[in-house]
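Shown below: model_24.cif, with mmCIF, C-alpha atoms (C1' of nucleotides).
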```
data_data
#
loop_
_atom_site.label_atom_id
_atom_site.label_comp_id
_atom_site.auth_asym_id
_atom_site.auth_seq_id
_atom_site.Cartn_x
_atom_site.Cartn_y
_atom_site.Cartn_z
CA MET T 39 -2.71 0.33 -14.85
CA PRO T 40 -0.27 2.50 -12.98
CA GLU T 41 1.16 0.56 -10.06
CA LEU T 42 4.31 1.39 -8.13
CA PRO T 43 6.84 1.29 -11.00
CA GLU T 44 4.69 3.44 -13.26
CA VAL T 45 4.06 5.97 -10.50
CA GLU T 46 7.77 6.06 -9.73
CA VAL T 47 8.48 6.89 -13.38
CA VAL T 48 6.01 9.75 -13.07
CA ARG T 49 7.63 10.91 -9.84
CA ARG T 50 11.01 11.09 -11.51
CA GLY T 51 9.54 13.00 -14.40
CA LEU T 52 7.94 15.51 -12.08
CA ALA T 53 11.15 15.92 -10.13
CA ALA T 54 12.98 16.67 -13.37
CA HIS T 55 10.43 18.99 -14.98
CA VAL T 56 8.40 20.62 -12.24
CA SER T 57 10.48 20.85 -9.04
CA GLY T 58 11.53 24.35 -8.12
CA ARG T 59 8.98 26.09 -10.37
CA GLU T 60 6.27 28.49 -9.28
CA LEU T 61 2.64 27.80 -10.14
CA ARG T 62 0.78 30.70 -11.69
CA SER T 63 -2.70 29.27 -12.16
CA VAL T 64 -4.59 26.03 -11.95
CA GLU T 65 -7.61 25.24 -14.07
CA VAL T 66 -9.94 22.41 -13.04
CA LEU T 67 -11.79 21.17 -16.11
CA HIS T 68 -13.63 18.29 -14.47
CA PRO T 69 -14.85 18.52 -10.87
CA ARG T 70 -14.53 14.80 -10.33
CA ALA T 71 -10.75 15.07 -10.65
CA ILE T 72 -10.64 16.96 -7.34
CA ARG T 73 -13.54 15.24 -5.60
CA ARG T 74 -11.29 14.31 -2.71
CA HIS T 75 -10.41 17.97 -2.25
CA LEU T 76 -13.52 18.70 -0.21
CA PRO T 77 -13.37 22.54 -0.27
CA GLY T 78 -13.85 22.41 -4.05
CA SER T 79 -12.18 23.68 -7.17
CA THR T 80 -12.12 27.40 -6.36
CA ASP T 81 -10.31 26.68 -3.13
CA PHE T 82 -8.00 24.21 -4.89
CA SER T 83 -6.96 26.65 -7.61
CA GLY T 84 -6.83 29.62 -5.29
CA ARG T 85 -4.56 27.97 -2.80
CA LEU T 86 -2.16 26.68 -5.44
CA ALA T 87 -1.67 29.91 -7.40
CA GLY T 88 1.70 31.46 -6.64
CA ARG T 89 3.00 28.45 -4.72
CA ARG T 90 6.44 27.03 -5.36
CA VAL T 91 6.79 23.32 -6.01
CA ASP T 92 9.46 21.60 -3.96
CA ALA T 93 10.40 17.92 -3.64
CA VAL T 94 8.33 15.16 -5.28
CA SER T 95 7.61 12.10 -3.16
CA ARG T 96 5.80 8.81 -3.52
CA ARG T 97 4.39 6.13 -1.28
CA GLY T 98 2.90 3.10 -2.97
CA LYS T 99 0.74 4.42 -5.78
CA TYR T 100 0.32 7.88 -4.25
CA LEU T 101 2.42 10.80 -5.39
CA TRP T 102 2.80 14.27 -3.92
CA VAL T 103 4.71 17.49 -4.41
CA SER T 104 5.65 19.40 -1.32
CA LEU T 105 4.68 23.05 -1.12
CA ASP T 106 5.54 25.54 1.59
CA GLU T 107 3.82 25.69 5.00
CA GLY T 108 3.73 21.92 5.43
CA GLU T 109 1.27 21.40 2.62
CA ALA T 110 1.39 19.09 -0.36
CA LEU T 111 -0.39 18.57 -3.65
CA LEU T 112 -1.37 14.90 -3.52
CA ALA T 113 -2.28 12.82 -6.57
CA HIS T 114 -3.46 9.31 -7.35
CA LEU T 115 -3.56 8.15 -10.96
CA GLY T 116 -6.31 5.60 -10.44
CA MET T 117 -6.64 3.31 -13.44
CA SER T 118 -6.01 5.67 -16.30
CA GLY T 119 -4.50 8.86 -14.89
CA GLN T 120 -1.52 10.52 -16.54
CA LEU T 121 0.56 13.53 -15.61
CA LEU T 122 1.90 15.07 -18.78
CA VAL T 123 4.37 17.90 -19.27
CA GLN T 124 3.20 19.82 -22.32
CA ALA T 125 4.18 23.05 -24.01
CA PRO T 126 1.52 25.74 -23.50
CA GLY T 127 -0.73 25.89 -26.54
CA THR T 128 -0.55 22.17 -27.21
CA PRO T 129 -4.13 21.12 -28.03
CA ASP T 130 -6.01 19.90 -24.98
CA GLU T 131 -6.15 16.16 -24.55
CA LYS T 132 -9.64 14.69 -24.83
CA HIS T 133 -9.66 13.73 -21.16
CA LEU T 134 -7.75 16.71 -19.76
CA ARG T 135 -9.02 17.23 -16.21
CA ILE T 136 -6.62 19.74 -14.61
CA ARG T 137 -4.13 22.18 -16.10
CA PHE T 138 -1.28 23.50 -13.95
CA SER T 139 0.40 26.58 -15.49
CA PHE T 140 3.67 27.98 -14.26
CA ALA T 141 4.90 31.54 -13.72
CA ASP T 142 7.92 30.95 -15.96
CA ASP T 143 5.64 30.37 -18.99
CA GLY T 144 7.38 27.02 -19.42
CA PRO T 145 5.73 23.66 -19.98
CA GLU T 146 2.39 23.03 -18.29
CA LEU T 147 1.61 20.08 -16.12
CA ARG T 148 -1.59 18.34 -17.21
CA PHE T 149 -3.64 15.77 -15.37
CA VAL T 150 -5.37 13.62 -17.97
CA ASP T 151 -7.65 10.79 -16.91
CA GLN T 152 -10.09 8.88 -19.05
CA ARG T 153 -11.86 6.85 -16.39
CA THR T 154 -11.72 9.47 -13.66
CA PHE T 155 -10.75 7.10 -10.88
CA GLY T 156 -7.74 9.25 -10.17
CA GLY T 157 -7.57 12.71 -8.71
CA CYS T 158 -5.66 15.51 -7.02
CA MET T 159 -6.09 17.24 -3.67
CA LEU T 160 -4.34 19.60 -1.29
CA ASP T 161 -3.40 18.15 2.06
CA ASP T 162 -1.34 18.81 5.18
CA LEU T 163 1.81 16.82 5.76
CA VAL T 164 1.91 14.88 9.02
CA GLU T 165 4.68 12.78 10.46
CA VAL T 166 4.12 9.01 10.50
CA ASP T 167 6.91 6.84 11.90
CA GLY T 168 9.34 9.64 11.37
CA THR T 169 8.38 10.29 7.74
CA PRO T 170 6.26 13.23 6.58
CA VAL T 171 3.29 12.07 4.50
CA PRO T 172 -0.02 13.69 3.52
CA ALA T 173 -2.58 13.15 6.27
CA LEU T 174 -5.03 11.51 3.89
CA ILE T 175 -2.63 8.65 3.25
CA ALA T 176 -1.32 8.16 6.76
CA HIS T 177 -2.86 4.66 6.64
CA ILE T 178 -0.88 3.60 3.55
CA ALA T 179 1.96 1.25 4.48
CA ARG T 180 5.52 1.71 3.30
CA ASP T 181 6.19 0.15 -0.11
CA PRO T 182 9.01 -2.31 -0.86
CA MET T 183 11.15 0.39 -2.49
CA ASP T 184 11.03 2.58 0.61
CA PRO T 185 14.49 2.56 2.29
CA LEU T 186 12.72 2.10 5.62
CA PHE T 187 10.59 -0.82 4.41
CA SER T 188 11.06 -3.80 6.68
CA LEU T 189 10.55 -7.20 5.10
CA PRO T 190 10.26 -9.11 8.40
CA SER T 191 7.70 -6.68 9.70
CA ALA T 192 5.66 -6.82 6.48
CA VAL T 193 5.79 -10.63 6.62
CA ALA T 194 4.45 -10.58 10.16
CA THR T 195 1.68 -8.15 9.23
CA LEU T 196 0.53 -10.28 6.31
CA ARG T 197 0.63 -13.50 8.26
CA GLY T 198 -1.41 -11.90 10.99
CA ARG T 199 -4.33 -11.57 8.61
CA ARG T 200 -6.90 -14.24 8.00
CA THR T 201 -7.45 -13.84 4.31
CA GLU T 202 -6.25 -14.96 0.90
CA VAL T 203 -2.66 -14.10 0.07
CA LYS T 204 -3.58 -12.00 -2.97
CA ARG T 205 -6.09 -9.95 -1.01
CA ALA T 206 -3.34 -9.25 1.50
CA LEU T 207 -0.86 -8.28 -1.23
CA LEU T 208 -3.39 -5.83 -2.66
CA ASP T 209 -4.21 -4.31 0.73
CA GLN T 210 -2.33 -1.00 0.67
CA SER T 211 -2.47 -0.68 4.43
CA LEU T 212 -0.33 -3.83 4.80
CA VAL T 213 2.19 -3.25 2.03
CA SER T 214 1.68 -0.63 -0.65
CA GLY T 215 2.36 -0.28 -4.34
CA ILE T 216 1.24 -3.73 -5.50
CA GLY T 217 -1.74 -3.90 -7.87
CA ASN T 218 -3.39 -6.69 -9.79
CA ILE T 219 -0.61 -7.04 -12.37
CA TYR T 220 2.34 -7.31 -10.02
CA ALA T 221 0.40 -9.39 -7.51
CA ASP T 222 -0.24 -12.02 -10.19
CA GLU T 223 3.37 -11.89 -11.38
CA ALA T 224 4.74 -12.18 -7.83
CA LEU T 225 2.45 -15.11 -7.02
CA TRP T 226 3.56 -16.86 -10.19
CA ARG T 227 7.23 -16.36 -9.32
CA ALA T 228 6.65 -17.65 -5.81
CA LYS T 229 4.52 -20.56 -7.13
CA LEU T 230 1.58 -19.66 -4.93
CA HIS T 231 -2.09 -19.75 -5.79
CA TRP T 232 -3.85 -16.47 -5.00
CA ALA T 233 -6.34 -18.14 -2.67
CA ARG T 234 -3.74 -19.54 -0.28
CA PRO T 235 -4.57 -18.42 3.26
CA THR T 236 -1.93 -16.05 4.61
CA ASP T 237 -2.08 -17.46 8.11
CA ARG T 238 -1.20 -20.93 6.85
CA LEU T 239 1.87 -19.82 4.92
CA SER T 240 5.30 -20.01 6.50
CA ALA T 241 7.18 -16.79 7.10
CA ALA T 242 9.66 -17.91 4.47
CA ARG T 243 6.93 -18.32 1.84
CA VAL T 244 5.46 -14.90 2.56
CA ALA T 245 8.93 -13.37 2.44
CA GLU T 246 9.41 -15.13 -0.89
CA VAL T 247 6.29 -13.70 -2.47
CA LEU T 248 7.04 -10.21 -1.14
CA SER T 249 10.58 -10.43 -2.48
CA ALA T 250 9.21 -11.59 -5.81
CA ALA T 251 6.88 -8.59 -5.88
CA THR T 252 9.81 -6.29 -5.18
CA GLU T 253 11.92 -7.96 -7.86
CA VAL T 254 9.27 -7.77 -10.55
CA MET T 255 8.54 -4.12 -9.75
CA VAL T 256 12.23 -3.23 -9.88
CA GLU T 257 12.47 -4.92 -13.28
CA ALA T 258 9.37 -3.11 -14.50
CA LEU T 259 10.78 0.19 -13.30
CA GLY T 260 13.85 -0.47 -15.39
CA ALA T 261 11.71 -1.18 -18.43
CA GLY T 262 9.37 1.74 -17.81
CA GLY T 263 12.30 4.07 -17.49
CA THR T 264 13.39 3.29 -21.00
CA SER T 265 10.13 4.58 -22.46
CA PHE T 266 10.68 7.95 -20.80
CA ASP T 267 10.29 10.99 -22.95
CA ALA T 268 11.18 14.59 -22.12
CA LEU T 269 7.65 15.79 -22.71
CA TYR T 270 5.77 12.94 -21.24
CA VAL T 271 6.17 12.48 -17.54
CA ASN T 272 4.66 9.12 -18.09
CA VAL T 273 3.47 7.32 -20.96
CA ASN T 274 0.16 5.65 -21.13
CA GLY T 275 -0.98 4.39 -17.77
CA GLN T 276 0.29 0.98 -18.83
CA SER T 277 3.41 -0.84 -17.83
CA GLY T 278 5.79 0.80 -20.26
CA TYR T 279 7.57 -1.89 -22.22
CA PHE T 280 7.30 -4.33 -19.40
CA ASP T 281 4.10 -5.92 -20.68
CA ARG T 282 6.35 -7.98 -22.97
CA SER T 283 7.90 -9.51 -19.89
CA LEU T 284 4.70 -10.54 -18.13
CA ALA T 285 4.55 -14.25 -17.38
CA VAL T 286 0.86 -14.66 -16.60
CA TYR T 287 -1.01 -11.37 -16.29
CA GLY T 288 -3.30 -11.02 -19.30
CA GLN T 289 -1.80 -14.18 -20.81
CA GLU T 290 -4.83 -16.48 -20.62
CA GLY T 291 -4.33 -19.57 -22.76
CA LEU T 292 -0.68 -18.79 -23.53
CA PRO T 293 1.96 -21.20 -22.26
CA CYS T 294 3.40 -20.73 -18.79
CA PRO T 295 7.03 -19.64 -19.38
CA ARG T 296 8.15 -22.20 -16.79
CA CYS T 297 6.19 -25.36 -17.57
CA GLY T 298 4.25 -24.68 -20.75
CA ARG T 299 0.78 -25.31 -19.38
CA PRO T 300 -1.79 -22.78 -20.61
CA VAL T 301 -2.25 -19.85 -18.24
CA ARG T 302 -5.67 -19.82 -16.61
CA ARG T 303 -7.89 -16.89 -15.71
CA GLU T 304 -10.13 -17.06 -12.67
CA PRO T 305 -12.67 -14.57 -11.34
CA PHE T 306 -11.32 -12.74 -8.33
CA MET T 307 -13.03 -9.85 -6.53
CA ASN T 308 -15.08 -8.90 -9.61
CA ARG T 309 -11.93 -8.89 -11.72
CA SER T 310 -9.44 -11.49 -12.92
CA SER T 311 -6.56 -13.45 -11.56
CA TYR T 312 -4.05 -15.10 -13.88
CA SER T 313 -1.98 -18.08 -12.84
CA CYS T 314 -0.43 -21.34 -13.97
CA PRO T 315 -2.56 -24.40 -13.17
CA ARG T 316 0.51 -26.59 -12.63
CA CYS T 317 2.93 -24.22 -10.90
CA GLN T 318 0.18 -22.66 -8.77
CA PRO T 319 -2.26 -25.39 -7.79
CA ARG T 320 -5.40 -24.44 -5.92
CA PRO T 321 -5.07 -24.78 -2.17
CA ARG T 322 -6.80 -27.66 -0.44
CA VAL T 323 -7.72 -25.36 2.39
CA THR T 324 -9.00 -21.90 1.66
CA SER T 325 -9.24 -18.95 3.98
CA GLY T 326 -13.01 -18.78 3.87
CA PRO T 327 -15.07 -17.95 6.92
CA ARG T 328 -13.96 -19.99 9.87
CA THR T 329 -16.73 -22.54 9.94
CA ALA T 330 -16.72 -25.49 12.29
CA VAL T 331 -13.12 -26.40 12.96
CA ALA T 332 -12.51 -30.12 12.47
CA SER T 333 -11.71 -30.65 16.11
CA GLY T 334 -14.34 -28.25 17.40
CA PRO T 335 -17.63 -29.11 19.04
CA ARG T 336 -20.18 -30.55 16.70
CA LYS T 337 -23.77 -29.50 16.66
CA PRO T 338 -26.23 -32.31 17.32
CA ALA T 339 -28.23 -33.27 14.28
"C1'" DC E 18 -11.52 -4.06 14.71
"C1'" DA E 19 -11.05 -7.13 10.73
"C1'" DA E 20 -13.03 -8.69 6.63
"C1'" DC E 21 -15.72 -8.01 2.89
"C1'" DC E 22 -18.98 -5.92 -0.50
"C1'" DG E 23 -20.67 -2.49 -3.58
"C1'" DC E 24 -19.94 1.52 -5.87
"C1'" DC E 25 -17.59 5.17 -8.34
"C1'" DC E 26 -16.68 5.97 -13.93
"C1'" DT E 27 -15.68 5.79 -19.05
"C1'" DG E 28 -14.68 4.00 -23.47
"C1'" DG E 29 -12.85 0.19 -26.16
"C1'" DG E 30 -14.17 -4.13 -27.64
"C1'" DT E 31 -17.53 -7.70 -28.83
"C1'" DG E 32 -21.72 -10.03 -30.06
"C1'" DC E 33 -26.14 -9.80 -32.04
"C1'" DT V 20 -24.69 0.44 -38.67
"C1'" DG V 21 -26.09 0.58 -34.13
"C1'" DC V 22 -27.15 -0.88 -29.78
"C1'" DA V 23 -26.66 -3.48 -25.45
"C1'" DC V 24 -23.52 -5.35 -22.77
"C1'" DC V 25 -19.08 -6.58 -20.67
"C1'" DC V 26 -14.72 -5.50 -18.94
"C1'" DA V 27 -10.75 -3.02 -16.94
"C1'" DG V 28 -10.07 -1.98 -11.45
"C1'" DG V 29 -7.89 1.12 -6.79
"C1'" DG V 30 -9.77 2.94 -2.98
"C1'" DC V 31 -13.09 3.96 0.21
"C1'" DG V 32 -17.48 4.08 2.82
"C1'" DG V 33 -20.64 1.25 4.84
"C1'" DT V 34 -21.99 -3.14 6.84
"C1'" DT V 35 -21.53 -7.40 9.17
#
```

As structure tokens - that is how I would like this structure written.
Amino acid sequence: MPELPEVEVVRRGLAAHVSGRELRSVEVLHPRAIRRHLPGSTDFSGRLAGRRVDAVSRRGKYLWVSLDEGEALLAHLGMSGQLLVQAPGTPDEKHLRIRFSFADDGPELRFVDQRTFGGCMLDDLVEVDGTPVPALIAHIARDPMDPLFSLPSAVATLRGRRTEVKRALLDQSLVSGIGNIYADEALWRAKLHWARPTDRLSAARVAEVLSAATEVMVEALGAGGTSFDALYVNVNGQSGYFDRSLAVYGQEGLPCPRCGRPVRREPFMNRSSYSCPRCQPRPRVTSGPRTAVASGPRKPA
DNA sequence: CAACCGCCCTGGGTGC
DNA sequence: TGCACCCAGGGCGGTT
């Protein structure tokens, strides 16, 4: 699944292979790929033709290329999206959704997406806290690799929520870029169970898990960068070579690299959470609905 | 407003 | 061999 490090690899690839080039035509092969572009595919293609691609930016898992007139082409890879740079004439990928052709007859940019959770759209740039971002993602918080990311402020935001720590880590409006894989890895590094209530964690503990998330994503970015290929802006929608370095994610039954206990898998939000039963014990108190507080008034029987 | 739930979607894998 | 089913899951709209 593309999370922040994978999307950053893609961003770098786009900056290297697409920046500065002029689009000639855009072909939408699957309408779902532009479902968030409400005016539809004719409008999408029509407005992109002839435009010059400028800088490539990223916030969390969102990626965009700036165009002129304060507009941007915004993309999200979803679960299986890829942006590939391919020579024209290369046979279409099975799940090719959008083809971007350039006026210089050079390599095409292709949006390929098996599960169609990802997509592209045109959007206006707006200024949020001094940074221009596409209007549609104005609610997405800065990610830990953003130079203006503030750890103390993110800690305060997370602790202000009454929820489980993993839910908070995955909430892109609190801190962005973290998905299921890096959330599990960060929680393992910080020795926290995913169900720990954020509002009962010390600021130091929350800072620790956020720093762990940053660390593990920086390491993954290093590993993902090594799998970079001139033609492929990104690889496979997976974590590059970093999957070899995962401590718990997807490692059910394998020994915890720290203590050797078998990694457990628990259901979490209709998906899975991986953790070490010894290093990350279940919390005594969960962040469930605030039922009768121990000291509160008691209903008569 | 915060928290949470259900849905979107496809194909690879598995069990019968 | 084939079919039914499960699973992966980020983001968002709707509801409480």

Starting from the point (-9.3, -7.2, 8.8), work out which residues of protein, DNA or RNA have an atom no more than 7 Å away when counting only C-alpha atoms (C1' of nucleotides); state them as JSON, numbers by chain. {"T": [199], "E": [19, 20]}

Expansion of the PyMOL selection byres ((chain V and resi 22-28) around 10) into residues, as a PDB file with C-alpha atoms (C1' of nucleotides), in the frame of the given file:
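Saved to expr-v9.pdb:
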```pdb
ATOM      1  CA  MET T  39      -2.710   0.330 -14.850  1.00  0.00           C
ATOM      2  CA  GLY T 116      -6.310   5.600 -10.440  1.00  0.00           C
ATOM      3  CA  MET T 117      -6.640   3.310 -13.440  1.00  0.00           C
ATOM      4  CA  SER T 118      -6.010   5.670 -16.300  1.00  0.00           C
ATOM      5  CA  ARG T 153     -11.860   6.850 -16.390  1.00  0.00           C
ATOM      6  CA  PHE T 155     -10.750   7.100 -10.880  1.00  0.00           C
ATOM      7  CA  GLY T 217      -1.740  -3.900  -7.870  1.00  0.00           C
ATOM      8  CA  ASN T 218      -3.390  -6.690  -9.790  1.00  0.00           C
ATOM      9  CA  MET T 307     -13.030  -9.850  -6.530  1.00  0.00           C
ATOM     10  CA  ASN T 308     -15.080  -8.900  -9.610  1.00  0.00           C
ATOM     11  CA  ARG T 309     -11.930  -8.890 -11.720  1.00  0.00           C
ATOM     12  CA  SER T 310      -9.440 -11.490 -12.920  1.00  0.00           C
TER      13      SER T 310
ATOM     14  C1'  DG E  29     -12.850   0.190 -26.160  1.00  0.00           C
ATOM     15  C1'  DG E  30     -14.170  -4.130 -27.640  1.00  0.00           C
ATOM     16  C1'  DT E  31     -17.530  -7.700 -28.830  1.00  0.00           C
ATOM     17  C1'  DG E  32     -21.720 -10.030 -30.060  1.00  0.00           C
ATOM     18  C1'  DC E  33     -26.140  -9.800 -32.040  1.00  0.00           C
TER      19       DC E  33
ATOM     20  C1'  DT V  20     -24.690   0.440 -38.670  1.00  0.00           C
ATOM     21  C1'  DG V  21     -26.090   0.580 -34.130  1.00  0.00           C
ATOM     22  C1'  DG V  29      -7.890   1.120  -6.790  1.00  0.00           C
ATOM     23  C1'  DG V  30      -9.770   2.940  -2.980  1.00  0.00           C
TER      24       DG V  30
END
```

Counting all atoms listed in the file, collect the residues of chain T whose closest atom lies at most 12 Å from chain E, and write them out as a tab-separated table (two decimals) with C-alpha atoms, in the frame of the given file.
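Result saved to result_38.tsv:
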```
chain	number	residue	atom	x	y	z
T	70	ARG	CA	-14.53	14.80	-10.33
T	71	ALA	CA	-10.75	15.07	-10.65
T	73	ARG	CA	-13.54	15.24	-5.60
T	116	GLY	CA	-6.31	5.60	-10.44
T	117	MET	CA	-6.64	3.31	-13.44
T	118	SER	CA	-6.01	5.67	-16.30
T	132	LYS	CA	-9.64	14.69	-24.83
T	133	HIS	CA	-9.66	13.73	-21.16
T	151	ASP	CA	-7.65	10.79	-16.91
T	152	GLN	CA	-10.09	8.88	-19.05
T	153	ARG	CA	-11.86	6.85	-16.39
T	154	THR	CA	-11.72	9.47	-13.66
T	155	PHE	CA	-10.75	7.10	-10.88
T	156	GLY	CA	-7.74	9.25	-10.17
T	198	GLY	CA	-1.41	-11.90	10.99
T	199	ARG	CA	-4.33	-11.57	8.61
T	200	ARG	CA	-6.90	-14.24	8.00
T	201	THR	CA	-7.45	-13.84	4.31
T	202	GLU	CA	-6.25	-14.96	0.90
T	205	ARG	CA	-6.09	-9.95	-1.01
T	206	ALA	CA	-3.34	-9.25	1.50
T	209	ASP	CA	-4.21	-4.31	0.73
T	307	MET	CA	-13.03	-9.85	-6.53
T	308	ASN	CA	-15.08	-8.90	-9.61
T	325	SER	CA	-9.24	-18.95	3.98
T	326	GLY	CA	-13.01	-18.78	3.87
T	327	PRO	CA	-15.07	-17.95	6.92
T	328	ARG	CA	-13.96	-19.99	9.87
```

Using atom CA of Arg85 of chain T and atom CA of Gly157 of chain T as the two end points, give the distance in Å to one decimal.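 Separating atom CA of Arg85 of chain T from atom CA of Gly157 of chain T is a distance of 16.6 Å.
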
Can you work out the spacing between atom CA of Asp184 of chain T and atom CA of Leu225 of chain T in Å, to one decimal?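 Those two atoms sit 21.1 Å apart.
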
Name the residues captured by the PyMOL selection byres ((chain T and resi 190) around 12) when it is applied to the shown file; answer as a list in words.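 When the PyMOL selection byres ((chain T and resi 190) around 12) is applied to the shown file, the picked residues are Pro182, Leu186, Phe187, Ser188, Leu189, Ser191, Ala192, Val193, Ala194, Thr195, Leu196, Arg197, Val213, Ala241, Ala242, Arg243, Val244, Ala245, Glu246, Leu248 and Ser249 of chain T.
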